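Structure file input_7.tsv; described as TSV, C-alpha atoms.
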chain	number	residue	atom	x	y	z
A	1	VAL	CA	66.24	97.92	107.52
A	2	ARG	CA	62.69	98.49	106.28
A	3	ALA	CA	63.59	96.92	102.94
A	4	ALA	CA	65.28	93.94	104.58
A	5	LYS	CA	62.42	93.05	106.92
A	6	GLY	CA	60.14	90.40	105.49
A	7	ALA	CA	62.34	89.71	102.46
A	8	ASP	CA	63.43	86.16	101.67
A	9	ALA	CA	67.03	87.30	101.97
A	10	ALA	CA	69.05	90.49	102.14
A	11	VAL	CA	72.26	91.09	100.19
A	12	VAL	CA	74.57	93.80	101.55
A	13	VAL	CA	77.47	94.91	99.35
A	14	VAL	CA	80.42	96.53	101.15
A	15	GLY	CA	84.15	96.85	100.61
A	16	SER	CA	86.85	99.26	99.52
A	17	MET	CA	85.84	102.63	98.12
A	18	PRO	CA	88.44	105.36	97.49
A	19	PHE	CA	86.32	108.13	99.02
A	20	ILE	CA	85.68	106.15	102.21
A	21	ASN	CA	88.56	103.97	103.33
A	22	GLY	CA	91.88	104.28	101.58
A	23	ARG	CA	93.33	105.32	98.25
A	24	GLU	CA	96.71	105.87	96.62
A	25	ASP	CA	97.72	108.86	98.73
A	26	HIS	CA	95.73	108.00	101.86
A	27	ASP	CA	96.51	104.89	103.95
A	28	ARG	CA	93.77	103.13	105.86
A	29	THR	CA	93.93	103.70	109.62
A	30	THR	CA	92.45	100.24	110.28
A	31	MET	CA	91.82	96.98	108.42
A	32	ALA	CA	88.17	96.94	109.54
A	33	LEU	CA	85.25	97.86	107.31
A	34	ALA	CA	84.36	101.53	107.21
A	35	GLU	CA	82.23	102.33	110.27
A	36	GLY	CA	79.14	103.13	108.21
A	37	GLN	CA	79.44	99.85	106.32
A	38	SER	CA	79.88	97.87	109.51
A	39	GLU	CA	76.80	99.43	111.07
A	40	LEU	CA	74.80	98.75	107.91
A	41	VAL	CA	75.71	95.05	108.01
A	42	LYS	CA	74.76	94.76	111.68
A	43	ALA	CA	71.44	96.56	111.21
A	44	VAL	CA	70.41	94.44	108.23
A	45	ARG	CA	71.50	91.22	109.94
A	46	LYS	CA	69.35	92.13	112.93
A	47	ALA	CA	66.37	92.80	110.66
A	48	ASN	CA	66.78	89.68	108.53
A	49	PRO	CA	68.59	86.51	109.67
A	50	ASN	CA	69.07	85.46	106.02
A	51	THR	CA	71.68	88.11	105.31
A	52	ILE	CA	74.41	87.69	102.71
A	53	VAL	CA	77.40	90.03	102.84
A	54	VAL	CA	79.25	90.60	99.58
A	55	VAL	CA	82.71	92.05	100.17
A	56	GLU	CA	84.12	93.69	97.05
A	57	ASN	CA	87.60	94.95	97.73
A	58	SER	CA	91.24	94.72	96.77
A	59	TYR	CA	92.83	94.04	100.16
A	60	PRO	CA	92.32	91.98	103.34
A	61	THR	CA	89.68	93.13	105.81
A	62	THR	CA	89.18	92.09	109.45
A	63	LEU	CA	85.67	90.60	109.25
A	64	ASN	CA	85.59	89.01	112.70
A	65	TRP	CA	82.05	90.06	113.65
A	66	GLU	CA	80.75	89.18	110.19
A	67	GLN	CA	82.36	85.75	110.27
A	68	GLU	CA	80.72	84.97	113.61
A	69	ASN	CA	77.28	86.41	112.90
A	70	VAL	CA	76.55	86.45	109.15
A	71	PRO	CA	75.32	83.21	107.51
A	72	ALA	CA	77.10	83.79	104.19
A	73	ILE	CA	80.03	85.93	103.08
A	74	LEU	CA	81.10	86.20	99.44
A	75	TRP	CA	84.28	87.97	98.36
A	76	SER	CA	85.09	89.44	94.97
A	77	SER	CA	87.67	91.81	93.64
A	78	HIS	CA	86.54	94.84	91.63
A	79	ALA	CA	85.62	92.64	88.71
A	80	GLY	CA	84.09	95.10	86.27
A	81	ALA	CA	80.77	95.54	84.47
A	82	GLU	CA	79.66	91.90	84.78
A	83	THR	CA	80.15	91.77	88.56
A	84	GLY	CA	76.42	91.86	89.30
A	85	ASN	CA	75.58	89.00	86.95
A	86	ALA	CA	78.53	86.96	88.24
A	87	LEU	CA	77.47	87.42	91.86
A	88	ALA	CA	73.88	86.51	91.03
A	89	SER	CA	75.02	83.31	89.31
A	90	VAL	CA	76.90	82.29	92.44
A	91	LEU	CA	74.19	83.30	94.93
A	92	PHE	CA	71.44	81.49	93.02
A	93	GLY	CA	73.56	78.35	92.65
A	94	ASP	CA	73.92	78.45	88.87
A	95	VAL	CA	77.69	78.43	89.39
A	96	SER	CA	79.67	76.95	92.26
A	97	PRO	CA	82.21	79.51	93.53
A	98	SER	CA	85.82	78.53	92.96
A	99	GLY	CA	87.90	81.61	93.72
A	100	ARG	CA	90.71	81.44	96.25
A	101	LEU	CA	92.23	84.24	98.32
A	102	PRO	CA	95.62	85.43	97.04
A	103	GLN	CA	96.35	87.02	100.43
A	104	THR	CA	96.39	86.25	104.14
A	105	TRP	CA	93.42	87.87	105.91
A	106	TYR	CA	94.38	88.66	109.50
A	107	ARG	CA	92.15	88.87	112.55
A	108	SER	CA	93.52	92.14	113.88
A	109	ASP	CA	95.69	95.11	113.03
A	110	GLN	CA	97.93	93.87	115.85
A	111	ASP	CA	98.90	90.84	113.74
A	112	LEU	CA	100.90	93.10	111.42
A	113	PRO	CA	104.25	94.82	111.99
A	114	ASP	CA	104.80	98.54	111.59
A	115	ILE	CA	103.56	99.89	108.27
A	116	LEU	CA	107.13	100.85	107.31
A	117	ASP	CA	108.60	97.41	108.12
A	118	TYR	CA	109.00	95.53	104.85
A	119	ASP	CA	111.08	92.60	106.15
A	120	ILE	CA	108.54	89.78	105.89
A	121	ILE	CA	111.05	87.19	107.13
A	122	LYS	CA	112.05	89.02	110.30
A	123	SER	CA	108.45	89.99	111.12
A	124	ASP	CA	106.96	86.57	110.22
A	125	ARG	CA	104.67	88.22	107.71
A	126	THR	CA	102.46	86.75	104.95
A	127	TYR	CA	101.46	83.09	104.75
A	128	LEU	CA	105.10	82.18	104.17
A	129	TYR	CA	106.21	82.97	107.72
A	130	TYR	CA	103.11	83.82	109.79
A	131	GLN	CA	102.89	81.64	112.90
A	132	GLY	CA	99.44	82.68	114.11
A	133	LYS	CA	95.96	81.63	113.03
A	134	PRO	CA	94.56	84.04	110.43
A	135	LEU	CA	90.91	84.80	109.87
A	136	TYR	CA	91.17	83.41	106.34
A	137	PRO	CA	94.41	81.75	105.21
A	138	PHE	CA	96.11	82.25	101.87
A	139	GLY	CA	94.38	80.06	99.27
A	140	HIS	CA	91.10	79.90	101.23
A	141	GLY	CA	87.80	79.50	99.43
A	142	LEU	CA	84.59	77.50	99.76
A	143	SER	CA	82.24	75.98	97.20
A	144	TYR	CA	78.93	74.12	97.02
A	145	GLY	CA	80.82	70.82	96.90
A	146	THR	CA	82.80	68.98	99.57
A	147	PHE	CA	85.97	67.12	98.72
A	148	GLU	CA	87.98	64.25	100.12
A	149	TYR	CA	91.69	63.81	99.35
A	150	GLY	CA	93.24	60.38	98.94
A	151	ARG	CA	96.81	59.24	99.47
A	152	PRO	CA	99.26	61.20	97.27
A	153	SER	CA	102.25	59.93	95.32
A	154	VAL	CA	105.38	62.02	94.75
A	155	GLN	CA	107.90	61.41	91.98
A	156	ASN	CA	111.16	63.26	91.35
A	157	ARG	CA	112.52	62.61	87.88
A	158	ALA	CA	114.94	64.64	85.74
A	159	GLY	CA	114.57	67.67	87.97
A	160	LYS	CA	110.76	67.70	87.86
A	161	VAL	CA	108.54	66.82	90.82
A	162	THR	CA	105.11	65.33	90.07
A	163	VAL	CA	102.48	65.09	92.80
A	164	THR	CA	99.41	62.99	92.03
A	165	VAL	CA	96.45	62.87	94.41
A	166	PRO	CA	92.93	61.39	94.01
A	167	VAL	CA	90.20	63.93	94.90
A	168	THR	CA	86.58	62.85	95.42
A	169	ASN	CA	83.58	65.15	95.37
A	170	THR	CA	81.55	63.93	98.34
A	171	GLY	CA	78.87	66.59	97.84
A	172	LYS	CA	75.59	66.54	95.93
A	173	VAL	CA	76.49	68.87	93.06
A	174	ALA	CA	79.31	69.17	90.56
A	175	ALA	CA	81.83	71.74	91.73
A	176	ASP	CA	85.34	73.04	91.22
A	177	GLU	CA	88.16	72.36	93.65
A	178	VAL	CA	91.51	74.15	93.64
A	179	VAL	CA	94.07	71.57	94.74
A	180	GLN	CA	97.19	73.21	96.16
A	181	VAL	CA	100.68	71.86	96.85
A	182	TYR	CA	102.96	73.49	99.42
A	183	THR	CA	106.46	72.55	100.59
A	184	HIS	CA	108.55	73.15	103.69
A	185	GLN	CA	112.30	72.60	103.84
A	186	ARG	CA	113.07	70.86	107.12
A	187	THR	CA	116.73	71.86	107.52
A	188	SER	CA	118.58	74.83	106.08
A	189	ARG	CA	121.35	77.28	106.79
A	190	VAL	CA	118.78	80.08	106.68
A	191	LYS	CA	115.24	80.64	107.93
A	192	GLN	CA	112.83	78.85	105.60
A	193	PRO	CA	109.10	79.53	105.05
A	194	VAL	CA	106.60	77.60	107.14
A	195	LYS	CA	105.09	76.60	103.81
A	196	GLN	CA	105.30	77.87	100.25
A	197	LEU	CA	102.94	77.32	97.35
A	198	ARG	CA	104.55	75.30	94.55
A	199	ALA	CA	101.65	74.34	92.29
A	200	PHE	CA	97.88	74.43	92.08
A	201	GLN	CA	95.23	73.00	89.78
A	202	LYS	CA	91.55	73.85	89.42
A	203	VAL	CA	89.49	70.77	88.58
A	204	ARG	CA	85.77	70.28	88.04
A	205	ILE	CA	84.50	67.07	89.61
A	206	GLY	CA	80.99	65.66	89.36
A	207	ALA	CA	79.06	64.66	92.46
A	208	GLY	CA	80.33	61.34	93.76
A	209	ARG	CA	83.14	61.24	91.19
A	210	THR	CA	86.90	60.98	91.73
A	211	SER	CA	89.60	62.72	89.73
A	212	ALA	CA	93.34	62.01	89.78
A	213	VAL	CA	94.86	65.48	90.02
A	214	LYS	CA	98.44	65.91	88.82
A	215	LEU	CA	100.54	68.88	89.91
A	216	GLU	CA	104.10	69.60	88.84
A	217	PHE	CA	106.96	71.88	89.82
A	218	ARG	CA	110.70	71.84	89.24
A	219	VAL	CA	113.36	71.06	91.83
A	220	SER	CA	114.98	74.38	90.89
A	221	ASP	CA	111.86	76.09	92.31
A	222	LEU	CA	113.10	75.04	95.77
A	223	ALA	CA	116.16	77.31	95.50
A	224	HIS	CA	116.80	80.23	97.82
A	225	TRP	CA	119.27	83.10	97.49
A	226	ASP	CA	122.66	82.18	98.96
A	227	VAL	CA	124.19	85.39	100.32
A	228	THR	CA	127.61	83.73	100.83
A	229	ARG	CA	128.08	83.25	97.08
A	230	ASN	CA	125.40	85.55	95.60
A	231	LYS	CA	123.50	82.90	93.68
A	232	TRP	CA	120.35	80.79	93.76
A	233	THR	CA	121.03	77.51	95.56
A	234	VAL	CA	119.12	74.28	96.12
A	235	GLU	CA	120.28	72.75	99.39
A	236	THR	CA	120.50	69.05	100.14
A	237	ALA	CA	117.47	68.55	102.36
A	238	ARG	CA	114.21	66.78	103.01
A	239	HIS	CA	111.01	68.65	102.22
A	240	ASP	CA	107.52	68.22	103.60
A	241	VAL	CA	105.06	68.10	100.72
A	242	MET	CA	101.61	69.30	101.82
A	243	ILE	CA	98.49	68.90	99.67
A	244	GLY	CA	95.27	70.66	100.55
A	245	ALA	CA	92.47	73.12	99.87
A	246	SER	CA	94.37	76.12	101.27
A	247	SER	CA	97.54	76.94	103.19
A	248	GLY	CA	95.52	76.42	106.37
A	249	ASP	CA	93.62	73.31	105.23
A	250	ILE	CA	96.23	70.64	104.54
A	251	ARG	CA	94.64	67.26	103.81
A	252	GLN	CA	97.59	65.01	102.93
A	253	ARG	CA	101.35	64.96	103.42
A	254	ALA	CA	104.35	63.32	101.82
A	255	THR	CA	108.14	63.67	101.89
A	256	LEU	CA	110.55	64.72	99.14
A	257	SER	CA	114.32	64.22	99.36
A	258	VAL	CA	116.46	66.58	97.30
A	259	ARG	CA	120.15	66.29	96.55
A	260	GLY	CA	121.74	69.70	96.14
A	261	GLU	CA	124.47	71.79	97.69
A	262	THR	CA	125.70	72.59	101.17
A	263	VAL	CA	125.86	76.32	101.74
A	264	PRO	CA	129.27	77.23	103.18
A	265	ALA	CA	129.91	79.61	106.05
A	266	ARG	CA	130.30	83.23	105.03
A	267	ASP	CA	133.93	84.31	104.66
A	268	LEU	CA	134.39	87.16	107.15
A	269	THR	CA	138.13	87.67	106.42
A	270	ARG	CA	137.42	90.01	103.48
A	271	PRO	CA	134.93	92.79	102.73

Take the structure in this file and express it as structure tokens.
Amino acid sequence: VRAAKGADAAVVVVGSMPFINGREDHDRTTMALAEGQSELVKAVRKANPNTIVVVENSYPTTLNWEQENVPAILWSSHAGAETGNALASVLFGDVSPSGRLPQTWYRSDQDLPDILDYDIIKSDRTYLYYQGKPLYPFGHGLSYGTFEYGRPSVQNRAGKVTVTVPVTNTGKVAADEVVQVYTHQRTSRVKQPVKQLRAFQKVRIGAGRTSAVKLEFRVSDLAHWDVTRNKWTVETARHDVMIGASSGDIRQRATLSVRGETVPARDLTRP
């Protein structure tokens, strides 16, 4: 606190540490920061309003208080010897951050099923099936640029789907955007994901410039496992195509019609 008072800004680094909050043979009892880390963040924030919290960890953390009270939060995995230089480059604006979360970060331990329940479909777990509003959705990430998405076009030719969308950097600096395409199958014999990532593309766009971003995936990627015949199957169905900056920040939508199979009823007359 004494060091933070009067400084231009304070940077507090917290996160996962094997001797504090979880390791291979010791599960965490909560998804919150370790108590000592949480108190450190609160004390420094009280001493200096220009507090930056760097979270360096390998799993989701419930940062509800930090999200509401800390001006800036920067996440990194355990990135190695150059972590300090990389963080400095981002904090001083030499580089615009462009990382995206590969996980869903929940608001509470109560948003998760029992630790021994691995059925993500039944428990509506992960971004694929989760119905609630997470703290940070899968694919989330901010940058020093702001981006506007134009009207997309979707083409389905020879089993390959191509999504093209114009993206404009409406900010004042060049920055990277990670354009993401998700789909949702409207009708199916089985429970389908709320949305599922199909393609993504990181593009660097100058301030005030527009880039036509092209993303591709195959129709066969839309298959699910058919338990009646024990094979991967693409059903005849209409799919919502969602383009955005994360699974929780969808900017544009389109529709894709797919001609496939009709999954039959399971034959219950034989084992």

statement: CA of Asp221 (chain A) to CA of Arg198 (chain A) measures 7.7 Å

message: Please list as an NGL selection string every residue within 6 Å of region 58-74 of chain A, counting all atoms listed in the file and excluding residues in the same chain fewer than 4 positions away.
response: :A and (31-32 or 52-54 or 105 or 107)

query: Looking at all atoms listed in the file, which of A:Asp8, A:Thr164, A:Ala175, A:Ala245 is the one that sits closest to Asp94 (chain A)?
result: A:Ala175

Counting only C-alpha atoms, the option among A:Leu40, A:Ala254, A:Val165, A:Met17 closest to Val241 (chain A): A:Ala254

field: From A:Gly260, A:Gly159, A:Pro193, A:Gly141, residue lying nearest Tyr129 (chain A) [all atoms listed in the file]
entry: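 Once distances to Tyr129 (chain A) are computed over all atoms listed in the file, the minimum belongs to A:Pro193.
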
message: My list of candidates is A:Thr233, A:Gln196, A:Ser153, A:Thr51. Which is closest to Ala9 (chain A) when distances are computed with only C-alpha atoms?
response: A:Thr51

query: Smallest atom-to-atom distance to Tyr182 (chain A): which of A:Tyr144, A:Trp232, A:Tyr127, A:Tyr136, using only C-alpha atoms?
result: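 Comparing A:Tyr144, A:Trp232, A:Tyr127, A:Tyr136 against Tyr182 (chain A), the winner is A:Tyr127.
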
For region 132-146 of chain A, where the input has fewer atoms than it should, I would like N, CA and C atoms rebuilt and written as an mmCIF file, keeping the file's coordinate frame.
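Dumped to rebuild.cif:
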data_model
loop_
_atom_site.group_PDB
_atom_site.id
_atom_site.type_symbol
_atom_site.label_atom_id
_atom_site.label_comp_id
_atom_site.auth_asym_id
_atom_site.auth_seq_id
_atom_site.Cartn_x
_atom_site.Cartn_y
_atom_site.Cartn_z
ATOM 1 N N GLY A 132 100.737 82.639 113.456
ATOM 2 C CA GLY A 132 99.440 82.680 114.110
ATOM 3 C C GLY A 132 98.341 82.017 113.277
ATOM 4 N N LYS A 133 97.115 82.180 113.742
ATOM 5 C CA LYS A 133 95.960 81.630 113.030
ATOM 6 C C LYS A 133 95.190 82.779 112.397
ATOM 7 N N PRO A 134 95.233 82.917 111.078
ATOM 8 C CA PRO A 134 94.560 84.040 110.430
ATOM 9 C C PRO A 134 93.050 83.845 110.397
ATOM 10 N N LEU A 135 92.353 84.912 110.056
ATOM 11 C CA LEU A 135 90.910 84.800 109.870
ATOM 12 C C LEU A 135 90.611 83.933 108.657
ATOM 13 N N TYR A 136 91.258 84.226 107.548
ATOM 14 C CA TYR A 136 91.170 83.410 106.340
ATOM 15 C C TYR A 136 92.587 83.208 105.809
ATOM 16 N N PRO A 137 93.041 81.977 105.669
ATOM 17 C CA PRO A 137 94.410 81.750 105.210
ATOM 18 C C PRO A 137 94.561 81.967 103.711
ATOM 19 N N PHE A 138 95.774 82.170 103.289
ATOM 20 C CA PHE A 138 96.110 82.250 101.870
ATOM 21 C C PHE A 138 95.577 80.999 101.162
ATOM 22 N N GLY A 139 94.913 81.191 100.030
ATOM 23 C CA GLY A 139 94.380 80.060 99.270
ATOM 24 C C GLY A 139 93.001 79.621 99.702
ATOM 25 N N HIS A 140 92.400 80.306 100.701
ATOM 26 C CA HIS A 140 91.100 79.900 101.230
ATOM 27 C C HIS A 140 89.973 80.179 100.251
ATOM 28 N N GLY A 141 88.999 79.295 100.226
ATOM 29 C CA GLY A 141 87.800 79.500 99.430
ATOM 30 C C GLY A 141 86.876 78.304 99.563
ATOM 31 N N LEU A 142 85.576 78.559 99.626
ATOM 32 C CA LEU A 142 84.590 77.500 99.760
ATOM 33 C C LEU A 142 83.817 77.326 98.456
ATOM 34 N N SER A 143 83.077 76.227 98.371
ATOM 35 C CA SER A 143 82.240 75.980 97.200
ATOM 36 C C SER A 143 80.999 75.234 97.645
ATOM 37 N N TYR A 144 80.141 74.885 96.693
ATOM 38 C CA TYR A 144 78.930 74.120 97.020
ATOM 39 C C TYR A 144 79.197 72.619 97.034
ATOM 40 N N GLY A 145 80.432 72.232 96.796
ATOM 41 C CA GLY A 145 80.820 70.820 96.900
ATOM 42 C C GLY A 145 81.711 70.608 98.110
ATOM 43 N N THR A 146 81.854 69.357 98.516
ATOM 44 C CA THR A 146 82.800 68.980 99.570
ATOM 45 C C THR A 146 83.723 67.917 98.991
#
